[in-house]
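Next up, run-v6.txt (compact mmCIF, C-alpha atoms):
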# COMPACT_ATOMS: atom_id res chain seq x y z
CA MET A 5 104.01 149.61 75.22
CA ARG A 6 107.72 149.13 75.77
CA VAL A 7 110.37 146.84 77.20
CA ILE A 8 110.83 147.96 80.82
CA SER A 9 114.28 146.55 81.66
CA GLY A 10 117.13 144.36 80.54
CA ILE A 11 119.10 144.32 77.30
CA GLN A 12 116.26 145.88 75.28
CA LYS A 13 115.22 148.43 77.93
CA GLY A 14 113.17 151.25 76.40
CA ARG A 15 112.43 149.45 73.13
CA ILE A 16 108.96 150.42 71.86
CA LEU A 17 106.86 147.40 70.88
CA LYS A 18 104.03 147.25 68.38
CA ALA A 19 100.50 146.46 69.56
CA VAL A 20 98.17 144.03 67.81
CA PRO A 21 95.91 146.06 65.49
CA GLY A 22 92.24 146.21 66.45
CA GLU A 23 90.44 145.35 69.66
CA SER A 24 91.14 141.60 69.78
CA THR A 25 93.83 141.81 72.48
CA ARG A 26 94.32 143.59 75.77
CA PRO A 27 98.02 144.43 76.24
CA THR A 28 99.39 144.22 79.77
CA THR A 29 100.18 147.76 80.90
CA ASP A 30 103.78 148.76 81.56
CA LYS A 31 102.91 149.37 85.23
CA VAL A 32 101.51 145.85 85.71
CA LYS A 33 104.37 144.29 83.73
CA GLU A 34 106.99 146.08 85.83
CA SER A 35 105.28 145.06 89.08
CA VAL A 36 105.02 141.41 88.02
CA PHE A 37 108.68 141.23 87.06
CA ASN A 38 109.72 142.85 90.32
CA ILE A 39 107.82 140.08 92.12
CA ILE A 40 109.13 137.13 90.09
CA GLY A 41 112.66 138.21 89.23
CA PRO A 42 113.39 140.80 88.36
CA TYR A 43 116.09 139.10 86.24
CA PHE A 44 116.77 135.52 85.17
CA GLU A 45 119.83 133.40 84.60
CA GLY A 46 118.52 131.34 81.70
CA GLY A 47 115.51 129.08 81.68
CA TYR A 48 112.51 128.84 79.36
CA GLY A 49 109.32 130.87 79.33
CA LEU A 50 105.88 130.17 77.88
CA ASP A 51 103.73 133.11 76.81
CA LEU A 52 100.31 131.51 76.30
CA PHE A 53 97.71 133.81 74.69
CA ALA A 54 100.74 135.96 73.82
CA GLY A 55 99.01 138.85 72.03
CA SER A 56 101.83 141.23 71.08
CA GLY A 57 104.41 139.11 72.92
CA GLY A 58 105.27 141.86 75.40
CA LEU A 59 105.53 139.63 78.47
CA GLY A 60 107.71 137.00 76.84
CA ILE A 61 109.91 139.64 75.22
CA GLU A 62 110.36 141.28 78.62
CA GLY A 63 111.39 137.87 79.95
CA ILE A 64 114.03 137.42 77.24
CA SER A 65 115.28 140.96 77.79
CA ARG A 66 115.69 140.11 81.49
CA GLY A 67 117.66 136.92 80.87
CA LEU A 68 115.41 134.00 79.88
CA GLU A 69 117.19 131.70 77.43
CA LYS A 70 114.15 131.11 75.23
CA VAL A 71 110.42 131.85 75.17
CA LEU A 72 107.66 130.02 73.32
CA PHE A 73 104.92 132.40 72.14
CA ILE A 74 101.49 130.88 71.49
CA ASP A 75 98.43 132.63 70.11
CA HIS A 76 95.61 131.57 67.79
CA ASP A 77 95.10 135.02 66.21
CA THR A 78 96.92 135.65 62.91
CA LYS A 79 97.34 139.39 63.59
CA ALA A 80 98.84 138.60 67.00
CA ILE A 81 101.35 136.16 65.45
CA GLN A 82 102.37 138.75 62.85
CA THR A 83 102.84 141.36 65.61
CA ILE A 84 104.90 138.99 67.76
CA LYS A 85 107.17 138.26 64.80
CA LYS A 86 107.67 142.00 64.16
CA ASN A 87 108.41 142.66 67.85
CA ILE A 88 110.87 139.76 68.02
CA GLU A 89 112.67 141.14 64.96
CA LEU A 90 112.73 144.66 66.45
CA CYS A 91 114.47 143.24 69.54
CA HIS A 92 116.76 140.91 67.55
CA PHE A 93 115.49 137.92 69.58
CA GLU A 94 114.91 135.53 66.65
CA GLU A 95 117.25 132.92 68.15
CA LYS A 96 115.54 133.13 71.54
CA ALA A 97 111.93 132.82 70.40
CA GLU A 98 109.64 130.13 69.04
CA ILE A 99 106.33 131.47 67.72
CA TYR A 100 103.32 129.26 67.07
CA ARG A 101 99.84 130.00 65.78
CA ASN A 102 97.81 127.45 67.67
CA ASP A 103 95.01 127.11 70.21
CA TRP A 104 96.15 126.59 73.78
CA LYS A 105 94.90 122.98 74.08
CA ARG A 106 96.89 121.70 71.11
CA ALA A 107 99.87 123.85 72.05
CA LEU A 108 100.06 122.43 75.58
CA LYS A 109 99.76 118.88 74.25
CA THR A 110 102.59 119.45 71.76
CA ILE A 111 104.79 121.14 74.37
CA ALA A 112 104.23 118.25 76.81
CA GLN A 113 105.53 115.83 74.16
CA ARG A 114 108.74 117.88 73.97
CA GLN A 115 109.15 117.55 77.77
CA ILE A 116 110.09 121.21 78.25
CA LYS A 117 110.05 122.65 81.77
CA PHE A 118 109.34 126.35 82.11
CA ARG A 119 110.78 128.82 84.60
CA VAL A 120 107.90 131.22 83.85
CA ILE A 121 104.47 130.65 82.30
CA TRP A 122 102.24 133.63 81.52
CA LEU A 123 98.49 133.01 81.17
CA ASP A 124 96.43 135.89 79.86
CA PRO A 125 93.40 134.42 78.06
CA PRO A 126 90.44 136.56 77.03
CA TYR A 127 88.67 137.40 80.29
CA LYS A 128 85.36 135.99 79.00
CA LYS A 129 86.93 132.54 78.65
CA ASP A 130 86.83 130.77 81.99
CA VAL A 131 89.76 128.43 81.33
CA TYR A 132 92.28 129.22 84.08
CA THR A 133 91.62 126.19 86.28
CA TYR A 134 91.59 123.85 83.31
CA ILE A 135 94.90 125.25 81.99
CA LEU A 136 96.54 125.10 85.43
CA ALA A 137 95.43 121.48 85.82
CA ASN A 138 96.79 120.69 82.36
CA ILE A 139 100.15 122.32 83.20
CA HIS A 140 100.26 120.23 86.38
CA LYS A 141 99.32 116.99 84.63
CA SER A 142 101.89 117.56 81.87
CA ASP A 143 104.58 118.58 84.39
CA LEU A 144 105.47 121.73 82.42
CA LEU A 145 106.55 123.93 85.33
CA ASP A 146 110.13 123.85 86.59
CA LYS A 147 110.38 122.95 90.29
CA ASN A 148 111.14 126.60 91.14
CA GLY A 149 109.01 128.04 88.34
CA VAL A 150 106.06 130.39 88.55
CA ILE A 151 102.79 130.73 86.66
CA ILE A 152 101.41 134.25 86.30
CA CYS A 153 97.68 134.52 85.59
CA GLU A 154 96.26 137.87 84.55
CA HIS A 155 92.51 138.02 85.08
CA ALA A 156 89.59 140.33 85.73
CA LYS A 157 89.29 141.61 89.28
CA GLU A 158 85.85 139.99 89.54
CA LYS A 159 87.22 136.54 88.66
CA GLU A 160 88.36 134.66 91.76
CA LEU A 161 90.86 131.92 90.96
CA PRO A 162 91.23 128.88 93.25
CA ASN A 163 93.88 128.81 95.99
CA THR A 164 95.09 125.42 94.73
CA VAL A 165 94.86 123.40 91.54
CA GLU A 166 96.26 119.90 92.07
CA ASP A 167 99.78 120.51 93.50
CA LEU A 168 99.92 124.12 92.33
CA ILE A 169 99.27 126.70 95.02
CA ARG A 170 98.48 130.37 94.66
CA ILE A 171 101.30 132.12 96.48
CA ARG A 172 100.24 135.69 95.84
CA GLN A 173 97.50 137.83 94.38
CA GLU A 174 97.86 141.50 93.47
CA ASN A 175 95.27 144.00 92.30
CA TYR A 176 95.91 146.73 89.72
CA GLY A 177 92.56 148.47 89.30
CA THR A 178 90.40 146.24 87.09
CA ILE A 179 93.17 143.62 86.74
CA ASN A 180 94.25 140.94 89.19
CA ILE A 181 97.47 138.96 88.97
CA SER A 182 97.59 135.53 90.63
CA LEU A 183 100.90 133.68 90.98
CA TYR A 184 101.14 129.90 91.31
CA MET A 185 104.04 127.61 92.20
CA TRP A 186 104.49 123.98 93.18
CA ARG A 187 103.35 123.20 96.70
Would it be possible to restate this file's structure as C-alpha cells?
Amino acid sequence: MRVISGIQKGRILKAVPGESTRPTTDKVKESVFNIIGPYFEGGYGLDLFAGSGGLGIEGISRGLEKVLFIDHDTKAIQTIKKNIELCHFEEKAEIYRNDWKRALKTIAQRQIKFRVIWLDPPYKKDVYTYILANIHKSDLLDKNGVIICEHAKEKELPNTVEDLIRIRQENYGTINISLYMWR
C-alpha cells in the first residue's frame, strides 16, 4: 500500500496488523482519485472507518488542507498515527478513536463542511443509507463535495438519500464504488 500521487508520491504506508481491516487497493484508490480530482486546492476531507488512513493521506498528498480520520479500532488509530508521521502530515490531520455515530454528531457541532467524505465500513454492517442520511441532515458535505462509498459488489446502494444523489457507480471485481453529491 502506497501513496499514488502528490507530494508524498511513492511513500509506502503501513497496514493495520491482523484481519480487522480491508485496505483499499492501489488500483481502486487511483481510479477513485482520477474520478474525483485528481488534485485539490484545499478543502477538508473526512475518512470515516479510516483503517490505515490511506484514502485520507492520499487526499492530503493531493492537496486537501486537512483530513479528519475516524476509526473505533485501537490498532487502526495507532497505524494512522504512524502513517501520518511517515508523511509529515501532523499539521494536516486530526485523528479520533470513536464510533461513527458519535463522531458525526461531534463533527456536526463544529459545523465543518467536507470537500470529500470516504465511507468504507465493514461490509457486514449495513449502515450506508443511515450514514448518508446523517451527513445530509447535519449538512456536512460542501456544495461541490463528493461522498465515496466503498462496498461489496452484491450490496446495492440507493440512487438517492434525501438530497444526495448517486452520480456514478464503478465496479472493481468484488468491490463497488458509489459516488454521491448534492442534487
Dig up all the protein and nucleic acid residues within 12 Å of (100.3, 135.3, 86.5) in the file frame, using all atoms listed in the file, and format them as a PyMOL selection string.
chain A and resi 28+32-33+35-37+39-40+50-52+59+120-125+132+136+149-156+161+170-175+179-185
Can you tell me how far CA of Gly60 in chain A sits from CA of Leu72 in chain A, in Å to one decimal?
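Those two atoms sit 7.8 Å apart.
Minimum distance to Ile81 in chain A across A:Arg106, A:His140, A:Arg114, A:Lys18 (counting only C-alpha atoms) occurs at A:Lys18.
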Edge lengths and centre, in Å to one decimal, as lines of an AutoDock Vina configuration file: that's what I need for the box along x, y and z that holds all listed atoms of range 158-170 of chain A plus 5 Å on each side.
center_x = 92.9
center_y = 129.9
center_z = 92.3
size_x = 24.1
size_y = 30.1
size_z = 17.3
Residue contacts of Val20 in chain A (12 Å, only C-alpha atoms) excluding same-chain residues fewer than 6 positions away, as an MDAnalysis selection string:
chainID A and resid 5 26:27 54:58 75 77:87
CA of Glu89 in chain A to CA of Ala112 in chain A, straight-line distance in Å:
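Pair CA of Ala112 in chain A / CA of Glu89 in chain A returns 27.1 Å.
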Calculate how many Å separate CA of Lys157 in chain A from CA of Ala137 in chain A, rounding to one decimal.
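It comes out at 21.3 Å.
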Could you list, as number ranges by chain, every residue within 8 Å of Arg187 in chain A, counting only C-alpha atoms and ignoring same-chain residues fewer than 4 positions away?
A: 167-169
From A:Leu145, A:Ile139, A:Phe53, A:Lys128, residue lying nearest Trp104 in chain A [all atoms listed in the file]
A:Phe53
Neighbouring residues of Asn138 in chain A were defined as those with any atom within 10 Å, considering only C-alpha atoms; residues of the same chain fewer than 4 positions away were excluded. Please report them as a ChimeraX atom specification.
/A:105,108-109,112,132-134,142-144,165-166
Using all atoms listed in the file, the residue out of A:Ile11, A:Val71, A:Gly49, A:Asp130 with shortest distance to Ile99 in chain A is A:Val71
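Protein and nucleic acid residues near (117.1, 145.9, 78.6) are Val7, Ile8, Ser9, Gly10, Ile11, Gln12, Lys13, Gly14, Arg15, Glu62, Gly63, Ile64, Ser65, Arg66, Gly67 and Cys91 of chain A, the criterion being any atom at most 10 Å away using all atoms listed in the file.
For the set A:Ala107, A:Ile88, A:Arg101, A:Gly41, the residue with the smallest atom-to-atom gap to Leu17 in chain A is A:Ile88, counting only C-alpha atoms.
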Give me the residues within 8 Å of Gly46 in chain A as a list in words, counting all atoms listed in the file and dropping any in the same chain fewer than 3 places off.
Gly67, Leu68, Glu69 and Lys70 of chain A
Can range 60-71 of chain A be brought up to all heavy atoms and written out as a compact mmCIF listing (two decimals), in the coordinates of the input?
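Okay, this is what ended up in selection.txt:
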# COMPACT_ATOMS: atom_id res chain seq x y z
N GLY A 60 106.61 137.89 77.17
CA GLY A 60 107.71 137.00 76.84
C GLY A 60 108.96 137.75 76.40
O GLY A 60 110.08 137.37 76.75
N ILE A 61 108.78 138.82 75.65
CA ILE A 61 109.91 139.64 75.22
C ILE A 61 110.59 140.28 76.43
O ILE A 61 111.82 140.32 76.52
CB ILE A 61 109.46 140.70 74.18
CG1 ILE A 61 109.13 140.00 72.86
CG2 ILE A 61 110.52 141.79 73.99
CD1 ILE A 61 108.45 140.87 71.83
N GLU A 62 109.79 140.73 77.37
CA GLU A 62 110.36 141.28 78.62
C GLU A 62 111.17 140.20 79.33
O GLU A 62 112.26 140.47 79.85
CB GLU A 62 109.24 141.79 79.52
CG GLU A 62 109.71 142.51 80.76
CD GLU A 62 110.22 143.93 80.50
OE1 GLU A 62 109.73 144.60 79.58
OE2 GLU A 62 111.12 144.36 81.25
N GLY A 63 110.67 138.97 79.33
CA GLY A 63 111.39 137.87 79.95
C GLY A 63 112.74 137.60 79.29
O GLY A 63 113.75 137.38 79.97
N ILE A 64 112.76 137.62 77.96
CA ILE A 64 114.03 137.42 77.24
C ILE A 64 114.98 138.58 77.55
O ILE A 64 116.17 138.37 77.82
CB ILE A 64 113.80 137.30 75.72
CG1 ILE A 64 112.97 136.05 75.39
CG2 ILE A 64 115.14 137.25 74.99
CD1 ILE A 64 112.50 135.98 73.94
N SER A 65 114.46 139.79 77.51
CA SER A 65 115.28 140.96 77.79
C SER A 65 115.91 140.88 79.17
O SER A 65 117.03 141.36 79.40
CB SER A 65 114.44 142.24 77.68
OG SER A 65 115.23 143.40 77.85
N ARG A 66 115.21 140.23 80.11
CA ARG A 66 115.69 140.11 81.49
C ARG A 66 116.45 138.80 81.74
O ARG A 66 116.73 138.47 82.88
CB ARG A 66 114.52 140.23 82.45
CG ARG A 66 113.93 141.63 82.48
CD ARG A 66 112.68 141.65 83.34
NE ARG A 66 112.02 142.94 83.35
CZ ARG A 66 111.90 143.71 84.43
NH1 ARG A 66 112.40 143.32 85.59
NH2 ARG A 66 111.27 144.85 84.36
N GLY A 67 116.75 138.04 80.69
CA GLY A 67 117.66 136.92 80.87
C GLY A 67 117.15 135.53 80.58
O GLY A 67 117.92 134.57 80.70
N LEU A 68 115.86 135.35 80.23
CA LEU A 68 115.41 134.00 79.88
C LEU A 68 116.13 133.55 78.61
O LEU A 68 116.37 134.34 77.69
CB LEU A 68 113.90 133.96 79.66
CG LEU A 68 113.02 134.05 80.91
CD1 LEU A 68 111.54 134.08 80.53
CD2 LEU A 68 113.30 132.92 81.88
N GLU A 69 116.46 132.29 78.57
CA GLU A 69 117.19 131.70 77.43
C GLU A 69 116.32 131.65 76.18
O GLU A 69 116.78 131.93 75.08
CB GLU A 69 117.63 130.30 77.84
CG GLU A 69 118.34 129.51 76.81
CD GLU A 69 118.67 128.11 77.34
OE1 GLU A 69 118.70 127.91 78.56
OE2 GLU A 69 118.89 127.23 76.50
N LYS A 70 115.05 131.25 76.36
CA LYS A 70 114.15 131.11 75.23
C LYS A 70 112.72 131.22 75.72
O LYS A 70 112.40 130.83 76.84
CB LYS A 70 114.35 129.75 74.55
CG LYS A 70 113.47 129.56 73.31
CD LYS A 70 113.85 128.33 72.54
CE LYS A 70 114.96 128.74 71.60
NZ LYS A 70 115.20 127.77 70.53
N VAL A 71 111.85 131.76 74.86
CA VAL A 71 110.42 131.85 75.17
C VAL A 71 109.63 131.31 73.99
O VAL A 71 109.93 131.61 72.84
CB VAL A 71 109.99 133.31 75.49
CG1 VAL A 71 108.48 133.40 75.64
CG2 VAL A 71 110.67 133.81 76.76
